[in-house]
>>> print(open('start_9.cif').read())   # mmCIF, C-alpha atoms and all ligand atoms
data_target
#
loop_
_atom_site.label_atom_id
_atom_site.label_comp_id
_atom_site.auth_asym_id
_atom_site.auth_seq_id
_atom_site.Cartn_x
_atom_site.Cartn_y
_atom_site.Cartn_z
CA MET A 1 10.16 4.95 -1.07
CA ARG A 2 11.06 7.77 -3.38
CA LEU A 3 8.13 10.03 -4.17
CA SER A 4 6.45 8.99 -7.36
CA ILE A 5 4.51 11.30 -9.63
CA SER A 6 1.29 9.93 -8.18
CA MET A 7 2.38 10.69 -4.64
CA GLY A 8 3.29 14.18 -5.77
CA ARG A 9 -0.16 14.60 -7.22
CA MET A 10 -1.78 13.27 -4.08
CA MET A 11 0.20 15.70 -1.97
CA ALA A 12 -0.61 18.61 -4.25
CA MET A 13 -4.28 17.75 -3.87
CA ALA A 14 -3.84 17.33 -0.14
CA ALA A 15 -2.20 20.75 0.08
CA LEU A 16 -5.17 22.24 -1.74
CA VAL A 17 -7.59 20.54 0.64
CA LEU A 18 -5.52 21.81 3.55
CA ALA A 19 -5.62 25.37 2.26
CA VAL A 20 -9.39 25.21 2.00
CA ALA A 21 -9.92 23.37 5.27
CA SER A 22 -7.67 25.67 7.29
CA CYS A 23 -10.15 28.54 6.91
CA ASN A 24 -12.74 26.96 9.14
CA THR A 25 -10.94 24.58 11.47
CA ASN A 26 -8.94 25.02 14.63
CA ASN A 27 -5.27 24.32 15.21
CA SER A 28 -5.22 20.98 13.44
CA ASN A 29 -2.77 21.32 10.57
CA SER A 30 -3.38 17.84 9.26
CA GLU A 31 -5.42 17.01 6.19
CA LEU A 32 -5.14 13.33 7.03
CA ASP A 33 -8.36 11.46 7.58
CA LEU A 34 -7.20 8.49 9.62
CA ILE A 35 -8.90 5.70 11.53
CA PRO A 36 -7.32 3.96 14.53
CA VAL A 37 -6.28 0.41 13.68
CA ASN A 38 -4.71 -0.92 16.87
CA SER A 39 -2.36 0.03 19.69
CA VAL A 40 -0.20 -1.74 22.23
CA THR A 41 1.63 -0.59 25.36
CA VAL A 42 5.09 -1.94 26.23
CA GLN A 43 7.04 -0.61 29.25
CA GLU A 44 5.12 2.73 29.40
CA TYR A 45 5.46 3.22 25.63
CA THR A 46 2.23 3.09 23.62
CA VAL A 47 2.53 2.41 19.91
CA SER A 48 -0.60 3.30 17.94
CA LEU A 49 -1.29 2.46 14.33
CA PHE A 50 -3.62 4.53 12.13
CA ALA A 51 -4.58 4.16 8.48
CA GLU A 52 -6.79 5.72 5.82
CA LYS A 53 -8.84 2.52 5.59
CA GLU A 54 -9.02 -0.87 7.29
CA PRO A 55 -5.84 -2.73 6.29
CA GLU A 56 -6.41 -4.96 3.26
CA THR A 57 -4.45 -6.99 0.73
CA GLY A 58 -2.57 -4.74 -1.69
CA PHE A 59 -1.23 -1.24 -1.00
CA ASN A 60 -1.70 0.41 2.41
CA MET A 61 -0.17 3.49 4.00
CA LEU A 62 0.44 2.99 7.73
CA TYR A 63 0.70 5.92 10.19
CA TRP A 64 2.35 5.47 13.59
CA GLN A 65 2.40 7.42 16.82
CA ILE A 66 4.48 6.65 19.88
CA GLU A 67 3.55 7.97 23.32
CA LYS A 68 5.08 7.70 26.76
CA ASP A 69 2.72 8.32 29.68
CA GLY A 70 0.25 9.95 27.30
CA ASP A 71 2.76 12.34 25.70
CA ARG A 72 3.83 11.90 22.11
CA ILE A 73 7.53 11.22 21.78
CA GLU A 74 9.96 11.25 18.89
CA PRO A 75 12.25 8.25 19.06
CA GLN A 76 15.76 8.15 17.60
CA GLN A 77 14.54 5.30 15.49
CA PHE A 78 11.40 3.27 14.93
CA SER A 79 11.56 0.18 12.76
CA ILE A 80 9.06 -2.52 11.87
CA THR A 81 8.90 -5.96 10.25
CA PRO A 82 5.38 -6.97 9.20
CA MET A 83 5.05 -10.74 9.63
CA MET A 84 2.43 -13.34 8.83
CA ASP A 85 2.40 -16.42 11.04
CA MET A 86 1.01 -19.32 9.03
CA GLY A 87 1.74 -22.02 11.60
CA GLU A 88 4.05 -24.12 9.42
CA MET A 89 5.99 -21.05 8.34
CA MET A 90 6.26 -17.30 8.69
CA HIS A 91 6.83 -14.65 6.06
CA SER A 92 7.03 -10.92 5.64
CA THR A 93 5.66 -8.81 2.77
CA PRO A 94 6.76 -5.80 0.67
CA TYR A 95 7.11 -2.73 2.91
CA THR A 96 9.22 0.33 3.65
CA GLU A 97 10.48 1.55 7.04
CA PRO A 98 8.50 4.31 8.82
CA GLN A 99 9.69 7.88 8.33
CA THR A 100 8.27 11.20 9.49
CA ALA A 101 5.13 11.93 7.45
CA GLU A 102 5.77 15.09 5.42
CA GLU A 103 2.04 15.95 5.45
CA ASP A 104 1.84 15.77 9.27
CA ASP A 105 5.01 15.40 11.33
CA ARG A 106 3.08 14.04 14.31
CA TYR A 107 3.12 10.69 12.49
CA LEU A 108 5.70 8.28 11.18
CA LYS A 109 4.48 6.60 8.03
CA ASN A 110 5.37 3.72 5.77
CA MET A 111 3.84 1.78 2.92
CA VAL A 112 3.08 -1.92 3.00
CA VAL A 113 1.69 -4.28 0.39
CA PHE A 114 -0.07 -7.12 2.20
CA ILE A 115 0.25 -10.21 0.01
CA MET A 116 -2.33 -12.32 1.88
CA PRO A 117 -5.39 -11.66 4.01
CA GLY A 118 -5.37 -12.69 7.66
CA GLY A 119 -7.85 -15.35 8.75
CA ALA A 120 -7.92 -19.14 8.61
CA MET A 121 -4.55 -19.27 6.80
CA GLY A 122 -2.72 -17.30 9.46
CA SER A 123 -2.46 -13.98 11.20
CA TRP A 124 -0.52 -10.76 10.69
CA SER A 125 1.40 -8.80 13.27
CA VAL A 126 3.92 -5.99 13.14
CA PRO A 127 6.93 -6.55 15.42
CA PHE A 128 8.58 -3.18 16.13
CA GLU A 129 11.69 -1.69 17.73
CA ILE A 130 11.83 1.74 19.35
CA ARG A 131 15.23 3.33 19.98
CA THR A 132 14.49 6.13 22.45
CA GLN A 133 16.41 9.42 22.70
CA ASP A 134 18.12 8.08 25.83
CA ASP A 135 19.18 4.93 23.95
CA GLN A 136 16.71 2.49 25.43
CA LEU A 137 15.60 -0.28 23.10
CA ILE A 138 11.90 -1.14 23.40
CA THR A 139 10.56 -4.07 21.40
CA GLY A 140 6.98 -5.17 20.97
CA GLU A 141 4.46 -6.47 18.53
CA LEU A 142 1.17 -5.15 17.20
CA PRO A 143 -1.42 -7.63 15.87
CA ILE A 144 -3.24 -6.41 12.78
CA ASN A 145 -6.28 -7.62 10.82
CA VAL A 146 -5.85 -7.71 7.06
CA ASP A 147 -9.00 -8.03 4.94
CA SER A 148 -8.98 -9.48 1.47
CA SER A 149 -9.46 -7.08 -1.45
CA TRP A 150 -9.48 -7.18 -5.26
CA LYS A 151 -6.34 -5.03 -5.42
CA LEU A 152 -3.65 -7.73 -5.38
CA THR A 153 -2.82 -10.67 -7.63
CA SER A 154 0.26 -12.78 -8.20
CA VAL A 155 1.74 -14.71 -11.10
CA ARG A 156 4.62 -17.17 -11.41
CA SER A 157 7.37 -17.41 -14.01
CA GLU A 158 8.45 -20.70 -15.59
CA SER A 159 11.29 -20.86 -13.10
CA ASP A 160 8.67 -20.54 -10.33
CA LYS A 161 9.61 -16.99 -9.34
CA ILE A 162 6.55 -15.22 -7.97
CA TYR A 163 5.52 -11.67 -8.87
CA PHE A 164 2.97 -9.71 -6.84
CA ILE A 165 1.00 -7.19 -8.90
CA THR A 166 -0.70 -4.52 -6.81
CA TRP A 167 -3.46 -2.24 -8.03
CA TYR A 168 -2.20 1.10 -6.66
CA SER A 169 -4.52 3.61 -8.29
CA PRO A 170 -7.37 4.40 -8.55
CA GLN A 171 -8.18 3.15 -5.04
CA ASN A 172 -11.80 4.15 -5.69
CA PRO A 173 -12.40 4.04 -9.45
CA VAL A 174 -14.86 6.61 -10.78
CA SER A 175 -16.21 7.29 -14.26
CA GLY A 176 -14.07 9.73 -16.21
CA ASN A 177 -10.34 10.23 -15.81
CA ASN A 178 -8.29 8.33 -13.22
CA GLU A 179 -4.62 7.75 -12.70
CA LEU A 180 -3.92 4.06 -13.46
CA ALA A 181 -0.98 2.75 -11.46
CA PHE A 182 0.41 -0.61 -10.39
CA MET A 183 3.22 -1.81 -8.17
CA VAL A 184 5.23 -4.96 -8.85
CA HIS A 185 7.25 -6.88 -6.26
CA THR A 186 8.92 -10.25 -6.23
CA ARG A 187 10.04 -12.60 -3.46
CA GLU A 188 13.69 -13.37 -2.86
CA SER A 189 13.11 -15.06 0.47
CA MET A 190 10.34 -15.23 3.06
CA MET A 191 11.81 -11.98 4.48
CA SER A 192 12.73 -10.12 1.29
CA PHE A 193 10.21 -8.79 -1.25
CA PRO A 194 12.03 -6.24 -3.43
CA PRO A 195 10.28 -3.98 -5.97
CA VAL A 196 10.61 -4.92 -9.66
CA SER A 197 11.25 -1.80 -11.74
CA ASP A 198 12.42 -3.25 -15.06
CA ALA A 199 9.25 -5.11 -16.08
CA GLU A 200 6.84 -4.19 -18.84
CA LEU A 201 3.11 -4.14 -18.24
CA LEU A 202 0.53 -4.58 -20.95
CA VAL A 203 -2.92 -3.74 -19.63
CA TYR A 204 -6.35 -4.00 -21.18
CA PRO A 205 -9.52 -2.62 -19.57
CA TYR A 206 -12.79 -4.19 -20.65
CA MET A 207 -16.47 -3.88 -19.81
CA ASP A 208 -18.63 -6.91 -20.54
CA MET A 209 -22.03 -5.64 -21.71
CA GLY A 210 -23.57 -9.14 -21.84
CA GLY A 211 -24.78 -11.11 -24.82
CA GLY A 212 -21.23 -11.49 -26.09
CA SER A 213 -20.64 -7.78 -26.55
CA GLY A 214 -18.40 -5.42 -24.65
CA HIS A 215 -15.96 -2.58 -25.03
CA SER A 216 -12.75 -1.06 -23.76
CA THR A 217 -12.11 2.61 -23.01
CA ASP A 218 -9.38 5.25 -23.44
CA PHE A 219 -6.25 4.57 -21.42
CA THR A 220 -2.50 4.95 -21.54
CA ASN A 221 -0.48 1.88 -20.72
CA PRO A 222 1.42 2.23 -17.41
CA VAL A 223 5.19 2.64 -17.68
CA ALA A 224 7.90 2.16 -15.04
CA THR A 225 8.62 5.22 -12.91
CA GLY A 226 10.93 3.51 -10.38
CA ASN A 227 10.60 1.68 -7.07
CA GLY A 228 8.33 -0.94 -8.61
CA MET A 229 5.78 1.67 -9.67
CA TYR A 230 4.10 1.76 -13.11
CA GLU A 231 1.97 4.76 -14.02
CA GLY A 232 -0.57 5.57 -16.74
CA ASP A 233 -4.08 6.92 -17.04
CA ILE A 234 -7.54 5.59 -17.69
CA ASN A 235 -10.76 7.32 -18.66
CA TYR A 236 -13.73 5.10 -17.80
CA SER A 237 -16.52 5.72 -20.28
CA MET A 238 -19.13 4.09 -18.01
CA SER A 239 -19.70 3.16 -14.40
CA GLY A 240 -20.31 -0.50 -13.54
CA VAL A 241 -18.23 -3.67 -13.45
CA TRP A 242 -14.91 -3.57 -15.32
CA THR A 243 -12.04 -5.98 -15.70
CA THR A 244 -8.45 -5.00 -16.38
CA SER A 245 -6.04 -7.66 -17.52
CA VAL A 246 -2.33 -7.23 -16.87
CA GLU A 247 0.38 -9.10 -18.72
CA LEU A 248 3.81 -8.82 -17.15
CA THR A 249 7.01 -9.24 -19.17
CA VAL A 250 10.10 -9.57 -17.05
CA ASN A 251 13.62 -10.65 -18.07
CA GLY A 252 12.28 -11.36 -21.57
CA GLU A 253 9.63 -13.77 -20.33
CA THR A 254 5.94 -12.92 -20.75
CA LEU A 255 3.97 -14.30 -17.83
CA PRO A 256 0.36 -15.54 -17.85
CA GLU A 257 -2.15 -12.71 -17.81
CA VAL A 258 -3.85 -11.78 -14.53
CA VAL A 259 -7.19 -10.00 -14.26
CA PHE A 260 -8.46 -7.41 -11.78
CA GLU A 261 -12.24 -7.16 -11.50
CA TYR A 262 -13.83 -4.18 -9.76
CA SER A 263 -16.63 -1.73 -9.99
CA VAL A 264 -16.45 1.86 -11.18
CA GLN A 265 -18.71 4.37 -9.46
CA ALA A 266 -20.56 7.12 -11.31
CA LYS A 267 -18.87 10.44 -10.64
CU CU A 301 0.81 -15.89 4.41
#
>>> encode(input="start_9.cif", output="structure tokens")
Amino acid sequence: MRLSISMGRMMAMAALVLAVASCNTNNSNSELDLIPVNSVTVQEYTVSLFAEKEPETGFNMLYWQIEKDGDRIEPQQFSITPMMDMGEMMHSTPYTEPQTAEEDDRYLKNMVVFIMPGGAMGSWSVPFEIRTQDDQLITGELPINVDSSWKLTSVRSESDKIYFITWYSPQNPVSGNNELAFMVHTRESMMSFPPVSDAELLVYPYMDMGGGSGHSTDFTNPVATGNGMYEGDINYSMSGVWTTSVELTVNGETLPEVVFEYSVQAK
């Protein structure tokens, strides 16, 4: 995925945090705050998955480490294919291939948008392939729990084409100014979920104050910035429960509105 403006901002902030943190920490040069998600060992190779939060529906950044006999190794290539096994059928989800994390080169990282939670409907796993420096091919599979979240919805066109709308930012909405960003993907097959970069989004944030009254707040409507990303801003005037409706227009067709509902914390 090409770096979006938002990623650039995140990294600039991360760099600032790093500069501050490096004064009072040891040799760790990583500003990442990761939790272990799962790991599996195949033929002496241990593949470990880390993330910033428990995996959930919507956008996730995945961080990978590969070790052999306890030592971290750098493979020639490491590729993944997230899959959901639903019994009757299997499908993948929007994702990118892992690449060296620029903020900490001890990790490979990729983004994934989980389109369904794991559970009664089926379970997620990440089949992977390691091409080692001496040209061995190691294959394995890492099971992964995916919780449901409010950060993903989908909508169908008249021709029954499905669009997945992901709430990308803010991940943790707070009162005051936030970047407001969405990702849009479609499904071409059970294995192919390309980004949609030529849609138009019309959003409307609203706070229901009860008794039939309510209000919106200052925001700029997100616009396409490439790779299925749409970026704007929002300034929440109050903390509490907000809704944000999103109306997607794609190929001249305006699709039924979807609504995200979430709570905004006081800053
Ligand atoms: Cu599924």
>>> closest_atom_pairs(input="start_9.cif", of="chain A", to="ligand CU 301 (chain A)", cutoff="7 Å", atoms="all atoms listed in the file", output="Markdown table")
| residue | atom | partner | partner_atom | distance |
| --- | --- | --- | --- | --- |
| A:Met84 | CA | A:CU301 | CU | 5.4 |
| A:Asp85 | CA | A:CU301 | CU | 6.8 |
| A:Met86 | CA | A:CU301 | CU | 5.8 |
| A:His91 | CA | A:CU301 | CU | 6.4 |
| A:Met116 | CA | A:CU301 | CU | 5.4 |
| A:Met121 | CA | A:CU301 | CU | 6.8 |
| A:Gly122 | CA | A:CU301 | CU | 6.3 |
>>> residues_near_point(input="start_9.cif", point="(5.8, -7.6, -11.9)", cutoff="9 Å", atoms="only C-alpha atoms", output="PyMOL selection string")
chain A and resi 154-155+162-166+182-186+195-201+228+247-250
>>> write_last_selection(input="start_9.cif", atoms="C-alpha atoms", output="mmCIF file, in the frame of the given file")
data_model
loop_
_atom_site.group_PDB
_atom_site.id
_atom_site.type_symbol
_atom_site.label_atom_id
_atom_site.label_comp_id
_atom_site.auth_asym_id
_atom_site.auth_seq_id
_atom_site.Cartn_x
_atom_site.Cartn_y
_atom_site.Cartn_z
ATOM 1 C CA SER A 154 0.260 -12.780 -8.200
ATOM 2 C CA VAL A 155 1.740 -14.710 -11.100
ATOM 3 C CA ILE A 162 6.550 -15.220 -7.970
ATOM 4 C CA TYR A 163 5.520 -11.670 -8.870
ATOM 5 C CA PHE A 164 2.970 -9.710 -6.840
ATOM 6 C CA ILE A 165 1.000 -7.190 -8.900
ATOM 7 C CA THR A 166 -0.700 -4.520 -6.810
ATOM 8 C CA PHE A 182 0.410 -0.610 -10.390
ATOM 9 C CA MET A 183 3.220 -1.810 -8.170
ATOM 10 C CA VAL A 184 5.230 -4.960 -8.850
ATOM 11 C CA HIS A 185 7.250 -6.880 -6.260
ATOM 12 C CA THR A 186 8.920 -10.250 -6.230
ATOM 13 C CA PRO A 195 10.280 -3.980 -5.970
ATOM 14 C CA VAL A 196 10.610 -4.920 -9.660
ATOM 15 C CA SER A 197 11.250 -1.800 -11.740
ATOM 16 C CA ASP A 198 12.420 -3.250 -15.060
ATOM 17 C CA ALA A 199 9.250 -5.110 -16.080
ATOM 18 C CA GLU A 200 6.840 -4.190 -18.840
ATOM 19 C CA LEU A 201 3.110 -4.140 -18.240
ATOM 20 C CA GLY A 228 8.330 -0.940 -8.610
ATOM 21 C CA GLU A 247 0.380 -9.100 -18.720
ATOM 22 C CA LEU A 248 3.810 -8.820 -17.150
ATOM 23 C CA THR A 249 7.010 -9.240 -19.170
ATOM 24 C CA VAL A 250 10.100 -9.570 -17.050
#
>>> closest_residue(input="start_9.cif", among="A:Thr46, A:Ser149, A:Thr57, A:Ser189", to="A:Arg72", atoms="only C-alpha atoms")
A:Thr46
>>> residues_around(input="start_9.cif", residues="A:Ser245", least_positions_apart="5", cutoff="10 Å", atoms="all atoms listed in the file", output="list in words")
Leu201, Leu202, Val203, Tyr204, Pro205, Tyr206, Glu257, Val258, Val259, Phe260 and Glu261 of chain A
>>> atom_distance(input="start_9.cif", atom1="atom CA of A:Ser237", atom2="atom CA of A:Ser148")
27.6 Å
>>> closest_residue(input="start_9.cif", among="A:Leu108, A:Val126, A:Val113, A:Met83", to="A:Met191", atoms="all atoms listed in the file")
A:Met83
>>> closest_residue(input="start_9.cif", among="A:Ile130, A:Met229, A:Ile144, A:Leu152", to="A:Gln77", atoms="all atoms listed in the file")
A:Ile130
>>> atom_distance(input="start_9.cif", atom1="atom CA of A:Met190", atom2="atom CA of A:Thr81")
11.8 Å
>>> closest_residue(input="start_9.cif", among="A:Met90, A:Ala181, A:Leu34, A:Ala101", to="A:Phe59", atoms="only C-alpha atoms")
A:Ala181
>>> atom_distance(input="start_9.cif", atom1="atom CA of A:Pro82", atom2="atom CA of A:Thr139")
13.6 Å
>>> closest_residue(input="start_9.cif", among="A:Gln43, A:Glu141, A:Asn227, A:Glu129", to="A:Phe193", atoms="only C-alpha atoms")
A:Asn227
>>> residues_around(input="start_9.cif", residues="A:Ala266", least_positions_apart="3", cutoff="8 Å", atoms="all atoms listed in the file", output="PDB file with C-alpha atoms, keeping the file's coordinate frame")
ATOM      1  CA  VAL A 174     -14.860   6.610 -10.780  1.00  0.00           C
ATOM      2  CA  SER A 175     -16.210   7.290 -14.260  1.00  0.00           C
ATOM      3  CA  MET A 238     -19.130   4.090 -18.010  1.00  0.00           C
ATOM      4  CA  SER A 239     -19.700   3.160 -14.400  1.00  0.00           C
ATOM      5  CA  GLY A 240     -20.310  -0.500 -13.540  1.00  0.00           C
TER       6      GLY A 240
END
>>> closest_residue(input="start_9.cif", among="A:Val40, A:Val47, A:Val146, A:Ile138", to="A:Tyr63", atoms="all atoms listed in the file")
A:Val47
>>> build_atoms(input="start_9.cif", residues="stretch 44-66 of chain A", atoms="N, CA, C and O atoms", output="PDB file, in the coordinates of the input")
ATOM      1  N   GLU A  44       5.523   1.315  29.391  1.00  0.00           N
ATOM      2  CA  GLU A  44       5.120   2.730  29.400  1.00  0.00           C
ATOM      3  C   GLU A  44       5.066   3.375  28.019  1.00  0.00           C
ATOM      4  O   GLU A  44       4.662   4.522  27.884  1.00  0.00           O
ATOM      5  N   TYR A  45       5.526   2.669  26.993  1.00  0.00           N
ATOM      6  CA  TYR A  45       5.460   3.220  25.630  1.00  0.00           C
ATOM      7  C   TYR A  45       4.245   2.642  24.913  1.00  0.00           C
ATOM      8  O   TYR A  45       4.077   1.422  24.852  1.00  0.00           O
ATOM      9  N   THR A  46       3.399   3.534  24.377  1.00  0.00           N
ATOM     10  CA  THR A  46       2.230   3.090  23.620  1.00  0.00           C
ATOM     11  C   THR A  46       2.469   3.349  22.139  1.00  0.00           C
ATOM     12  O   THR A  46       2.758   4.486  21.737  1.00  0.00           O
ATOM     13  N   VAL A  47       2.390   2.298  21.368  1.00  0.00           N
ATOM     14  CA  VAL A  47       2.530   2.410  19.910  1.00  0.00           C
ATOM     15  C   VAL A  47       1.146   2.279  19.307  1.00  0.00           C
ATOM     16  O   VAL A  47       0.452   1.282  19.539  1.00  0.00           O
ATOM     17  N   SER A  48       0.722   3.307  18.554  1.00  0.00           N
ATOM     18  CA  SER A  48      -0.600   3.300  17.940  1.00  0.00           C
ATOM     19  C   SER A  48      -0.473   3.347  16.430  1.00  0.00           C
ATOM     20  O   SER A  48       0.320   4.112  15.889  1.00  0.00           O
ATOM     21  N   LEU A  49      -1.279   2.514  15.788  1.00  0.00           N
ATOM     22  CA  LEU A  49      -1.290   2.460  14.330  1.00  0.00           C
ATOM     23  C   LEU A  49      -2.597   3.036  13.801  1.00  0.00           C
ATOM     24  O   LEU A  49      -3.681   2.699  14.299  1.00  0.00           O
ATOM     25  N   PHE A  50      -2.473   3.934  12.817  1.00  0.00           N
ATOM     26  CA  PHE A  50      -3.620   4.530  12.130  1.00  0.00           C
ATOM     27  C   PHE A  50      -3.488   4.263  10.636  1.00  0.00           C
ATOM     28  O   PHE A  50      -2.393   4.006  10.146  1.00  0.00           O
ATOM     29  N   ALA A  51      -4.623   4.340   9.932  1.00  0.00           N
ATOM     30  CA  ALA A  51      -4.580   4.160   8.480  1.00  0.00           C
ATOM     31  C   ALA A  51      -5.757   4.899   7.854  1.00  0.00           C
ATOM     32  O   ALA A  51      -6.657   5.362   8.555  1.00  0.00           O
ATOM     33  N   GLU A  52      -5.710   5.030   6.522  1.00  0.00           N
ATOM     34  CA  GLU A  52      -6.790   5.720   5.820  1.00  0.00           C
ATOM     35  C   GLU A  52      -7.997   4.824   5.644  1.00  0.00           C
ATOM     36  O   GLU A  52      -9.102   5.270   5.379  1.00  0.00           O
ATOM     37  N   LYS A  53      -7.781   3.506   5.760  1.00  0.00           N
ATOM     38  CA  LYS A  53      -8.840   2.520   5.590  1.00  0.00           C
ATOM     39  C   LYS A  53      -8.442   1.308   6.405  1.00  0.00           C
ATOM     40  O   LYS A  53      -7.293   1.197   6.838  1.00  0.00           O
ATOM     41  N   GLU A  54      -9.383   0.382   6.627  1.00  0.00           N
ATOM     42  CA  GLU A  54      -9.020  -0.870   7.290  1.00  0.00           C
ATOM     43  C   GLU A  54      -7.952  -1.555   6.440  1.00  0.00           C
ATOM     44  O   GLU A  54      -8.075  -1.603   5.220  1.00  0.00           O
ATOM     45  N   PRO A  55      -6.887  -2.077   7.072  1.00  0.00           N
ATOM     46  CA  PRO A  55      -5.840  -2.730   6.290  1.00  0.00           C
ATOM     47  C   PRO A  55      -6.399  -3.865   5.425  1.00  0.00           C
ATOM     48  O   PRO A  55      -7.276  -4.612   5.870  1.00  0.00           O
ATOM     49  N   GLU A  56      -5.923  -3.946   4.193  1.00  0.00           N
ATOM     50  CA  GLU A  56      -6.410  -4.960   3.260  1.00  0.00           C
ATOM     51  C   GLU A  56      -5.272  -5.416   2.375  1.00  0.00           C
ATOM     52  O   GLU A  56      -4.208  -4.773   2.327  1.00  0.00           O
ATOM     53  N   THR A  57      -5.473  -6.524   1.666  1.00  0.00           N
ATOM     54  CA  THR A  57      -4.450  -6.990   0.730  1.00  0.00           C
ATOM     55  C   THR A  57      -4.210  -5.905  -0.313  1.00  0.00           C
ATOM     56  O   THR A  57      -5.124  -5.183  -0.694  1.00  0.00           O
ATOM     57  N   GLY A  58      -2.956  -5.806  -0.777  1.00  0.00           N
ATOM     58  CA  GLY A  58      -2.570  -4.740  -1.690  1.00  0.00           C
ATOM     59  C   GLY A  58      -1.914  -3.598  -0.920  1.00  0.00           C
ATOM     60  O   GLY A  58      -1.405  -3.783   0.188  1.00  0.00           O
ATOM     61  N   PHE A  59      -1.952  -2.403  -1.524  1.00  0.00           N
ATOM     62  CA  PHE A  59      -1.230  -1.240  -1.000  1.00  0.00           C
ATOM     63  C   PHE A  59      -1.947  -0.600   0.202  1.00  0.00           C
ATOM     64  O   PHE A  59      -3.157  -0.371   0.155  1.00  0.00           O
ATOM     65  N   ASN A  60      -1.180  -0.310   1.237  1.00  0.00           N
ATOM     66  CA  ASN A  60      -1.700   0.410   2.410  1.00  0.00           C
ATOM     67  C   ASN A  60      -0.644   1.407   2.869  1.00  0.00           C
ATOM     68  O   ASN A  60       0.550   1.111   2.837  1.00  0.00           O
ATOM     69  N   MET A  61      -1.075   2.562   3.340  1.00  0.00           N
ATOM     70  CA  MET A  61      -0.170   3.490   4.000  1.00  0.00           C
ATOM     71  C   MET A  61      -0.454   3.373   5.494  1.00  0.00           C
ATOM     72  O   MET A  61      -1.607   3.492   5.920  1.00  0.00           O
ATOM     73  N   LEU A  62       0.599   3.131   6.286  1.00  0.00           N
ATOM     74  CA  LEU A  62       0.440   2.990   7.730  1.00  0.00           C
ATOM     75  C   LEU A  62       0.999   4.226   8.427  1.00  0.00           C
ATOM     76  O   LEU A  62       2.058   4.733   8.045  1.00  0.00           O
ATOM     77  N   TYR A  63       0.290   4.734   9.429  1.00  0.00           N
ATOM     78  CA  TYR A  63       0.700   5.920  10.190  1.00  0.00           C
ATOM     79  C   TYR A  63       0.864   5.535  11.656  1.00  0.00           C
ATOM     80  O   TYR A  63      -0.034   4.928  12.247  1.00  0.00           O
ATOM     81  N   TRP A  64       1.998   5.901  12.230  1.00  0.00           N
ATOM     82  CA  TRP A  64       2.350   5.470  13.590  1.00  0.00           C
ATOM     83  C   TRP A  64       2.524   6.668  14.510  1.00  0.00           C
ATOM     84  O   TRP A  64       3.037   7.711  14.094  1.00  0.00           O
ATOM     85  N   GLN A  65       2.110   6.443  15.770  1.00  0.00           N
ATOM     86  CA  GLN A  65       2.400   7.420  16.820  1.00  0.00           C
ATOM     87  C   GLN A  65       2.922   6.682  18.034  1.00  0.00           C
ATOM     88  O   GLN A  65       2.428   5.602  18.361  1.00  0.00           O
ATOM     89  N   ILE A  66       3.913   7.271  18.686  1.00  0.00           N
ATOM     90  CA  ILE A  66       4.480   6.650  19.880  1.00  0.00           C
ATOM     91  C   ILE A  66       4.318   7.628  21.041  1.00  0.00           C
ATOM     92  O   ILE A  66       4.667   8.809  20.923  1.00  0.00           O
TER      93      ILE A  66
END
